[in-house]
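These notes are about the structure you will find just below.
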Amino acid sequence: MIYDLEKENKEILARYKDLISNTYRTLDEEQNKLIRKAFDIALDAHKDQRRKTGEPYIYHPIEVAKIVANEIGLGATSIACALLHDVIEDSEYTYEDLKKIFGKNIADIVNGLTKISVMNQQNISVQSENYRKLLLTLSEDFRVILIKIADRLHNMRTLESMHPAKQKKIASETAYIYAPLAHRFGLYSIKSELEDLSLKYNNPDVYNEILNKLEVAKEGREKYVEEFKKEVSEQLKEEKLNFTIKGRAKAISSIYRKMLKQNVTFEEVYDNYAIRIIYKSDPKNEKFLAWKIYSIVTDLYQSNPSRMRDWISQPRSTGYESLHLTVMGPDRKWIEVQIRSERMDDIAEKGVAAHYKYKEGYRKNSDDQRFESWVSEIREVLEQQQNLSTSELLDNIKLNLYSKEVFVFTPKGEIKILPIGATALDFAFSVHTDLGMKCLGAKINGKLVPISYVLQNGDQIDILSSQNQKPKADWLEFVVTSKAKSKIKNILNSEKNQNTAEGKEILQRKMRHAKLNFSEEEVNGLQKFLNLKTSQDLFLGFQNGTFDISDIKRYSDKKGILSNLLNRFRKSSNKEEYVEKIDSNLDMIVFGKDEEKLNYTFAKCCTVIPGDKIFGFITISDGIKVHNDNCPNAINLRANYDYRVLQAKWVNAESFKNRIKIEIEGLDRIGMINDITAVISNNMSMDMKSMSIASNDGIFTGNINLEVKNKSQLEETFKQLKAINGVSKVKRV
């Protein structure tokens with residue numbers, strides 16, 4: 001392909017100028033020279049490289065640097081590192097080269113980013129240690145992960161050029177790892193965009209449906225915002241306040257979560273957009289003005305007390321500050337209103353990076369202390385969990401990432417922030433590990449309670465302890481914080497260490513006799529084959545005689561079958577070597593690029609009917625399982641085991657019948673049941689296996705079990721049922 005190099009060079013320069021145009025006012029001459037030097041090195045390193053789109057590769061680091069500068073708000077060092085983030089991985093420049101040119105600090109950050117990139121190209125058994133290293137870098141220099149989040153955001157924004165299977169893999173990994181990390185760093189806008197883009201590729205039908213409905217409602221939303229602005233602005237101006245009012249639609253992924261959680265349609269999500277009032281203030285009057293604006297808004301509109309959230313008096317652990325209230329707006333519909341100062345808005349948009357901008361005069365560094373406390377806790381948890389698989393490790397780290405919080409007090413009146421659902425025992429561990437280990441009970445507001453007591457906002461807690469107390473296995477059933485869980489597990493596991501070492505030696509000998517390598521990959525494979533949670537369980541099983549050489553031989557035989565399946569889809573040139581006998585009733589789905597017929601079964605975690613978008617997953621011990629693309633486990637499988645995911649498609653959907661269940665709801669009236677059965681039996685000629693209808697105060701709800709031929713038949717049935725007079729909701733269960 002012929003490229004217009006002169007035109008491209010002009011575009012590269014224009015993009016670089018756009019980057020520095022937003023930074024030169026805030027950075028000094030020395031810092032701008034650093035950015036220019038980083039750009040020159042990156043330009044040289046990537047001079048012969050192109051992206052999948054055909055564009056010069058240098059476009060990507062420039063765009064990542066823009067995100068780092070404008071959307072996250074980091075400084076010159078981070079901007080330079082963003083420009084250099086792929087240099088070590090993709091060019092002849094080494095860590096030592098960057099160290100000589102830029103110094104150790106920048107070289108270390110770029111090296112950390114390189115390790116993450118290499119990690120993303122490896123399978124789950126290798127990822128385990130690398131993810132641990134990635135998360136440990138948080139306490140050393142959190143800029144590594146912030147730049148990586150920016151890198152992932154730009155990749156998600158330009159994902160169209162990727163193969164669909166690769167799109168789903170990257171989108172799943174983004175939803176599984178990077179969106180929660182963005183949330184924890186207070187990057188709420190970026191977190192929402194990452195989730196929306198992940199939904200766009202993981203579930204495009206849902207994404208486009210909500211997007212279209214938001215677009216249809218846009219004109220009404222803008223009209224509403226203008227009316228709200230007019231009424232509120234008059235009152236705020238009378239008080240001589242300096243402010244702006246913005247209206248915005250909620251994130252598509254957020255609306256979708258509410259639809260699932262509340263079991264409602266798009267139209268029934270009443271707060272799918274929000275209004276934000278942002279005001280100017282000096283540090284002294286900042287809190288006072290927020291409540292003044294709150295008073296003005298609630299004087300104009302009826303508020304919903306149960307939806308009030310005060311994140312100003314007690315900010316979230318991420319440093320997020322804002323007043324949230326829900327009011328009955330001009331159109332008599334509930335709407336969320338957010339009240340925050342310009343400083344609060346900056347931190348809400350740019351997260352932890354913005355904290356350092358406001359160190360003087362605001363809250364005495366409390367935001368930084370919260371973040372540093374979280375980082376040190378993460379490091380402590382990681383160092384104590386060496387035996388966890390990657391999935392368990394990430395689940396543990398993510399445990400508190402999205403959690404809402406509860407605020408409680410020590411006997412001295414100091415505030416502690418814990419996730420909702422935390423118990424008195426979690427509180428004890430948060431104060432000190434030794435206090436948690438010896439915790440007997442607690443006094444909450446002067447009243448004696450058990451250690452399993454679930455904390456409520458405002459509780460004052462006094463922990464009771466004893467030197468004779470020791471952690472018990474049932475403690476793990478009610479603690480929710482990762483610190484408490486890890487500490488309890490470590491004590492409980494300490495007695496097993498010697499037996500584990502013996503079992504490991506026994507397993508090594510037996511695997512050698514079975515002619516298998518004793519490696520992390522083989523140990524993980526055997527562990528999963530025997531349905532064990534950790535490698536420690538595997539070693540203990542061989543130490544106490546639960547398992548022996550026969551179990552290793554069974555694994556080896558099954559592994560041979562799995563290996564054959566994987567090779568078939570990696571080496572299509574050898575497909576003539578494989579001959580499968582397929583029963584005639586298994587001709588509905590084919591797998592891989594070569595559309596091969598293979599034995600399979602349907603996964604139990606989701607419902608699949610012909611016409612649904614599907615994929616195959618090669619299990620360790622149960623062959624190929626077919627999943628719906630919208631399966632709740634799909635993101636986890638694609639993020640962690642993409643190398644075992646197979647493309648799948650229907651070839652003979654019309655001949656297949658499948659039973660599904662639908663829910664229907666509406667206003668009860670005479671003849672309603674006849675109208676419903678007429679659509680199903682007469683119009684659509686469907687086989688109705690069962691039907692139950694219940695009526696309560698004029699509202700009916702029903703469950704119907706049907707046998708459908710394909711998805712198009714089901715969609716047409718839904719369309720006709722929704723058209724029945726009085727029917728308000730029809731959904732597939």
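Labeling convention for the structure tokens: chains A, B, ... as they appear, residues from 1 per chain, ligands from 1 in order of appearance.
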Non-local contacts of stretch 219-236 of chain A (9 Å; only C-alpha atoms; under 6 positions in same chain excluded) as an MDAnalysis selection string: chainID A and resid 242:249 273 275 293 296:297 300 329:331
Convert the current residue selection to file output with N, CA and C atoms, as a PDB file, in the first residue's frame.
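The resulting file, again-v4.pdb, is reproduced below:
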```pdb
ATOM      1  N   ASN A 242     -21.499  32.267  41.469  1.00  0.00           N
ATOM      2  CA  ASN A 242     -20.862  32.061  40.171  1.00  0.00           C
ATOM      3  C   ASN A 242     -20.922  30.566  39.870  1.00  0.00           C
ATOM      4  N   PHE A 243     -21.666  30.147  38.835  1.00  0.00           N
ATOM      5  CA  PHE A 243     -21.968  28.728  38.647  1.00  0.00           C
ATOM      6  C   PHE A 243     -22.204  28.403  37.178  1.00  0.00           C
ATOM      7  N   THR A 244     -22.175  27.116  36.879  1.00  0.00           N
ATOM      8  CA  THR A 244     -22.635  26.598  35.579  1.00  0.00           C
ATOM      9  C   THR A 244     -23.539  25.401  35.863  1.00  0.00           C
ATOM     10  N   ILE A 245     -24.501  25.160  34.961  1.00  0.00           N
ATOM     11  CA  ILE A 245     -25.409  24.017  35.085  1.00  0.00           C
ATOM     12  C   ILE A 245     -25.310  23.179  33.820  1.00  0.00           C
ATOM     13  N   LYS A 246     -25.044  21.901  33.994  1.00  0.00           N
ATOM     14  CA  LYS A 246     -24.903  20.984  32.856  1.00  0.00           C
ATOM     15  C   LYS A 246     -25.903  19.835  32.985  1.00  0.00           C
ATOM     16  N   GLY A 247     -26.374  19.368  31.865  1.00  0.00           N
ATOM     17  CA  GLY A 247     -27.216  18.168  31.843  1.00  0.00           C
ATOM     18  C   GLY A 247     -26.533  17.089  31.047  1.00  0.00           C
ATOM     19  N   ARG A 248     -26.625  15.858  31.487  1.00  0.00           N
ATOM     20  CA  ARG A 248     -25.959  14.771  30.758  1.00  0.00           C
ATOM     21  C   ARG A 248     -26.750  13.485  30.913  1.00  0.00           C
ATOM     22  N   ALA A 249     -26.672  12.642  29.883  1.00  0.00           N
ATOM     23  CA  ALA A 249     -27.283  11.309  29.961  1.00  0.00           C
ATOM     24  C   ALA A 249     -26.388  10.421  30.811  1.00  0.00           C
ATOM     25  N   TYR A 273     -30.784  10.284  33.247  1.00  0.00           N
ATOM     26  CA  TYR A 273     -29.906  11.428  33.028  1.00  0.00           C
ATOM     27  C   TYR A 273     -29.852  12.263  34.290  1.00  0.00           C
ATOM     28  N   ILE A 275     -28.433  16.195  36.267  1.00  0.00           N
ATOM     29  CA  ILE A 275     -28.063  17.610  36.137  1.00  0.00           C
ATOM     30  C   ILE A 275     -26.969  17.901  37.161  1.00  0.00           C
ATOM     31  N   ILE A 293     -26.857  25.991  47.931  1.00  0.00           N
ATOM     32  CA  ILE A 293     -27.446  25.613  46.639  1.00  0.00           C
ATOM     33  C   ILE A 293     -28.450  24.480  46.832  1.00  0.00           C
ATOM     34  N   ILE A 296     -31.672  25.945  47.974  1.00  0.00           N
ATOM     35  CA  ILE A 296     -32.393  26.639  46.896  1.00  0.00           C
ATOM     36  C   ILE A 296     -33.112  25.631  45.996  1.00  0.00           C
ATOM     37  N   VAL A 297     -32.405  24.543  45.627  1.00  0.00           N
ATOM     38  CA  VAL A 297     -33.000  23.536  44.740  1.00  0.00           C
ATOM     39  C   VAL A 297     -34.188  22.850  45.413  1.00  0.00           C
ATOM     40  N   LEU A 300     -37.346  24.816  45.477  1.00  0.00           N
ATOM     41  CA  LEU A 300     -38.049  24.854  44.189  1.00  0.00           C
ATOM     42  C   LEU A 300     -38.737  23.533  43.863  1.00  0.00           C
ATOM     43  N   GLY A 329     -38.683  17.050  39.092  1.00  0.00           N
ATOM     44  CA  GLY A 329     -38.352  18.186  38.245  1.00  0.00           C
ATOM     45  C   GLY A 329     -39.543  18.834  37.565  1.00  0.00           C
ATOM     46  N   PRO A 330     -39.276  19.740  36.624  1.00  0.00           N
ATOM     47  CA  PRO A 330     -40.339  20.499  35.946  1.00  0.00           C
ATOM     48  C   PRO A 330     -41.367  19.619  35.229  1.00  0.00           C
ATOM     49  N   ASP A 331     -40.943  18.450  34.716  1.00  0.00           N
ATOM     50  CA  ASP A 331     -41.882  17.587  33.980  1.00  0.00           C
ATOM     51  C   ASP A 331     -42.530  16.540  34.882  1.00  0.00           C
TER      52      ASP A 331
END
```
Which residues, written as a PyMOL selection string, have at least one atom at most 9 Å from A:Gln49, with only C-alpha atoms counted and residues fewer than 4 positions away on the same chain left out? chain A and resi 45+55-58+90
Strand (DSSP E) call set, DSSP backbone run, stretch 677-709 of chain A, as a VMD selection string: chain A and resid 687 to 696 699 to 708
Which one of A:Leu194, A:Met259, A:Leu425, A:Ile417 sits closest to A:Tyr176 if you count only C-alpha atoms? A:Leu194
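Across the model, the gap from atom CA of A:Leu83 to atom CA of A:Ala65 is 5.8 Å.
Minimum atom-to-atom distances from A:Glu477, A:Glu665, A:Asp40, A:Glu349 to A:Leu187 were compared using only C-alpha atoms, and the lowest value belongs to A:Glu349.
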Coordinates-based distance that separates atom CA of A:Phe427 from atom CA of A:Lys287 (Å, one decimal): 29.1 Å
Residues within 9 Å of stretch 11-25 of chain A, only C-alpha atoms, excluding chain neighbours under 2 positions, as a PDB file with N, CA, C and O atoms, in the first residue's frame:
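Dumped to selection.pdb:
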```
ATOM      1  N   GLU A   6       4.437  12.727   3.283  1.00  0.00           N
ATOM      2  CA  GLU A   6       4.483  14.164   3.584  1.00  0.00           C
ATOM      3  C   GLU A   6       3.223  14.600   4.331  1.00  0.00           C
ATOM      4  O   GLU A   6       3.292  15.330   5.331  1.00  0.00           O
ATOM      5  N   LYS A   7       2.081  14.099   3.873  1.00  0.00           N
ATOM      6  CA  LYS A   7       0.809  14.424   4.530  1.00  0.00           C
ATOM      7  C   LYS A   7       0.783  13.853   5.949  1.00  0.00           C
ATOM      8  O   LYS A   7       0.323  14.509   6.892  1.00  0.00           O
ATOM      9  N   GLU A   8       1.291  12.614   6.102  1.00  0.00           N
ATOM     10  CA  GLU A   8       1.317  11.988   7.420  1.00  0.00           C
ATOM     11  C   GLU A   8       2.220  12.747   8.388  1.00  0.00           C
ATOM     12  O   GLU A   8       1.879  12.914   9.561  1.00  0.00           O
ATOM     13  N   ASN A   9       3.378  13.222   7.895  1.00  0.00           N
ATOM     14  CA  ASN A   9       4.295  13.966   8.760  1.00  0.00           C
ATOM     15  C   ASN A   9       3.667  15.271   9.249  1.00  0.00           C
ATOM     16  O   ASN A   9       3.869  15.681  10.400  1.00  0.00           O
ATOM     17  N   LEU A  27       3.083  24.069  32.331  1.00  0.00           N
ATOM     18  CA  LEU A  27       4.408  23.469  32.509  1.00  0.00           C
ATOM     19  C   LEU A  27       5.491  24.485  32.174  1.00  0.00           C
ATOM     20  O   LEU A  27       5.320  25.335  31.294  1.00  0.00           O
ATOM     21  N   ASP A  28       6.635  24.382  32.858  1.00  0.00           N
ATOM     22  CA  ASP A  28       7.721  25.323  32.588  1.00  0.00           C
ATOM     23  C   ASP A  28       8.529  24.883  31.371  1.00  0.00           C
ATOM     24  O   ASP A  28       8.286  23.826  30.778  1.00  0.00           O
ATOM     25  N   GLU A  29       9.510  25.698  31.012  1.00  0.00           N
ATOM     26  CA  GLU A  29      10.295  25.446  29.798  1.00  0.00           C
ATOM     27  C   GLU A  29      11.017  24.099  29.862  1.00  0.00           C
ATOM     28  O   GLU A  29      11.072  23.355  28.885  1.00  0.00           O
ATOM     29  N   GLN A  31      10.171  21.409  31.526  1.00  0.00           N
ATOM     30  CA  GLN A  31       9.213  20.310  31.390  1.00  0.00           C
ATOM     31  C   GLN A  31       8.768  20.134  29.940  1.00  0.00           C
ATOM     32  O   GLN A  31       8.610  19.009  29.459  1.00  0.00           O
ATOM     33  N   ASN A  32       8.568  21.253  29.246  1.00  0.00           N
ATOM     34  CA  ASN A  32       8.186  21.161  27.831  1.00  0.00           C
ATOM     35  C   ASN A  32       9.319  20.591  26.975  1.00  0.00           C
ATOM     36  O   ASN A  32       9.076  19.877  26.002  1.00  0.00           O
ATOM     37  N   ILE A  35       9.132  16.804  27.340  1.00  0.00           N
ATOM     38  CA  ILE A  35       8.080  16.218  26.495  1.00  0.00           C
ATOM     39  C   ILE A  35       8.538  16.166  25.042  1.00  0.00           C
ATOM     40  O   ILE A  35       8.309  15.169  24.340  1.00  0.00           O
ATOM     41  N   ARG A  36       9.204  17.238  24.570  1.00  0.00           N
ATOM     42  CA  ARG A  36       9.686  17.264  23.180  1.00  0.00           C
ATOM     43  C   ARG A  36      10.727  16.167  22.949  1.00  0.00           C
ATOM     44  O   ARG A  36      10.717  15.495  21.907  1.00  0.00           O
ATOM     45  N   PHE A  39       8.979  12.877  22.701  1.00  0.00           N
ATOM     46  CA  PHE A  39       8.314  12.772  21.395  1.00  0.00           C
ATOM     47  C   PHE A  39       9.315  12.402  20.304  1.00  0.00           C
ATOM     48  O   PHE A  39       9.043  11.531  19.460  1.00  0.00           O
ATOM     49  N   PRO A  56       0.129   5.711  10.906  1.00  0.00           N
ATOM     50  CA  PRO A  56       1.437   5.653  11.573  1.00  0.00           C
ATOM     51  C   PRO A  56       1.250   5.319  13.047  1.00  0.00           C
ATOM     52  O   PRO A  56       0.357   5.864  13.705  1.00  0.00           O
ATOM     53  N   ILE A  58       2.850   6.185  15.619  1.00  0.00           N
ATOM     54  CA  ILE A  58       3.104   7.293  16.547  1.00  0.00           C
ATOM     55  C   ILE A  58       1.812   8.007  16.940  1.00  0.00           C
ATOM     56  O   ILE A  58       1.741   8.657  17.996  1.00  0.00           O
ATOM     57  N   TYR A  59       0.755   7.894  16.097  1.00  0.00           N
ATOM     58  CA  TYR A  59      -0.536   8.491  16.465  1.00  0.00           C
ATOM     59  C   TYR A  59      -0.989   7.983  17.838  1.00  0.00           C
ATOM     60  O   TYR A  59      -1.562   8.731  18.626  1.00  0.00           O
ATOM     61  N   ILE A  62       0.816   9.481  20.975  1.00  0.00           N
ATOM     62  CA  ILE A  62       0.422  10.896  21.102  1.00  0.00           C
ATOM     63  C   ILE A  62      -0.971  10.995  21.721  1.00  0.00           C
ATOM     64  O   ILE A  62      -1.211  11.809  22.628  1.00  0.00           O
ATOM     65  N   GLU A  63      -1.906  10.155  21.244  1.00  0.00           N
ATOM     66  CA  GLU A  63      -3.273  10.193  21.778  1.00  0.00           C
ATOM     67  C   GLU A  63      -3.315   9.733  23.235  1.00  0.00           C
ATOM     68  O   GLU A  63      -4.084  10.264  24.042  1.00  0.00           O
ATOM     69  N   ALA A  65      -0.884  10.168  25.353  1.00  0.00           N
ATOM     70  CA  ALA A  65      -0.330  11.305  26.099  1.00  0.00           C
ATOM     71  C   ALA A  65      -1.388  12.390  26.285  1.00  0.00           C
ATOM     72  O   ALA A  65      -1.451  13.039  27.343  1.00  0.00           O
ATOM     73  N   LYS A  66      -2.252  12.608  25.282  1.00  0.00           N
ATOM     74  CA  LYS A  66      -3.338  13.589  25.416  1.00  0.00           C
ATOM     75  C   LYS A  66      -4.306  13.185  26.523  1.00  0.00           C
ATOM     76  O   LYS A  66      -4.763  14.028  27.305  1.00  0.00           O
ATOM     77  N   ALA A  69      -2.669  13.829  29.827  1.00  0.00           N
ATOM     78  CA  ALA A  69      -2.567  15.256  30.149  1.00  0.00           C
ATOM     79  C   ALA A  69      -3.934  15.889  30.410  1.00  0.00           C
ATOM     80  O   ALA A  69      -4.115  16.594  31.416  1.00  0.00           O
ATOM     81  N   ASN A  70      -4.896  15.639  29.525  1.00  0.00           N
ATOM     82  CA  ASN A  70      -6.158  16.383  29.555  1.00  0.00           C
ATOM     83  C   ASN A  70      -7.252  15.698  30.363  1.00  0.00           C
ATOM     84  O   ASN A  70      -8.032  16.369  31.039  1.00  0.00           O
ATOM     85  N   GLY A  75       1.255  15.240  35.017  1.00  0.00           N
ATOM     86  CA  GLY A  75       2.236  16.243  34.609  1.00  0.00           C
ATOM     87  C   GLY A  75       3.220  15.771  33.555  1.00  0.00           C
ATOM     88  O   GLY A  75       3.024  14.755  32.879  1.00  0.00           O
ATOM     89  N   ALA A  76       4.332  16.526  33.448  1.00  0.00           N
ATOM     90  CA  ALA A  76       5.298  16.340  32.363  1.00  0.00           C
ATOM     91  C   ALA A  76       5.905  14.942  32.348  1.00  0.00           C
ATOM     92  O   ALA A  76       6.064  14.332  31.286  1.00  0.00           O
TER      93      ALA A  76
END
```
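Taking atom CA of A:Arg340 and atom CA of A:Leu74 as endpoints, the distance between them is 21.8 Å.
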Set the distance at 9 Å and use only C-alpha atoms: which residues neighbour stretch 543-552 of chain A once local chain neighbours fewer than 3 positions away are removed? I'd like the list as a ChimeraX atom specification. /A:499-507,510-511,513-514,516,526,530,538-540,555-557
With a distance cut-off of 9 Å and only C-alpha atoms, select the neighbouring residues of A:Asn633, excluding the residue or stretch itself and same-chain residues fewer than 5 positions from it, and output the selection as a PyMOL selection string. chain A and resi 605-606+627+638
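Residues in contact range of A:Met162, defined as at most 8 Å between only C-alpha atoms, with sequence neighbours fewer than 4 positions away removed, read Lys52, Lys166 and Gln167 of chain A.
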Keeping only N, CA, C and O atoms, write the selected residues to a file as a PDB file, in the first residue's frame.
```pdb
ATOM      1  N   LYS A  52      -3.145  -1.280  13.091  1.00  0.00           N
ATOM      2  CA  LYS A  52      -4.006  -2.146  12.276  1.00  0.00           C
ATOM      3  C   LYS A  52      -4.788  -1.333  11.251  1.00  0.00           C
ATOM      4  O   LYS A  52      -5.145  -1.827  10.181  1.00  0.00           O
ATOM      5  N   LYS A 166     -11.100 -10.858  18.632  1.00  0.00           N
ATOM      6  CA  LYS A 166     -10.119 -10.076  19.396  1.00  0.00           C
ATOM      7  C   LYS A 166     -10.805  -8.926  20.118  1.00  0.00           C
ATOM      8  O   LYS A 166     -10.445  -8.577  21.243  1.00  0.00           O
ATOM      9  N   GLN A 167     -11.813  -8.329  19.460  1.00  0.00           N
ATOM     10  CA  GLN A 167     -12.568  -7.244  20.087  1.00  0.00           C
ATOM     11  C   GLN A 167     -13.196  -7.713  21.392  1.00  0.00           C
ATOM     12  O   GLN A 167     -13.125  -7.027  22.419  1.00  0.00           O
TER      13      GLN A 167
END
```
Which one is closest to A:Leu435: A:Pro471, A:Asn493, A:Asp668, A:Ser482? Count only C-alpha atoms. A:Pro471
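Each of A:Phe591, A:Phe542, A:Phe617, A:Trp334 was compared to A:Ala274 using only C-alpha atoms, and A:Trp334 turns out to be the nearest.
In terms of minimum interatomic distance to A:Leu199, A:Asn630 ranks closest within A:Asn497, A:Asn468, A:Asn630, A:Ser712, counting only C-alpha atoms.
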Which residues in stretch 106-278 of chain A does DSSP call helix (DSSP H, G or I)? List them as an MDAnalysis selection string. chainID A and resid 106:120 124:139 143:157 159:161 164:184 188:202 204:216 218:238 252:262 266:268
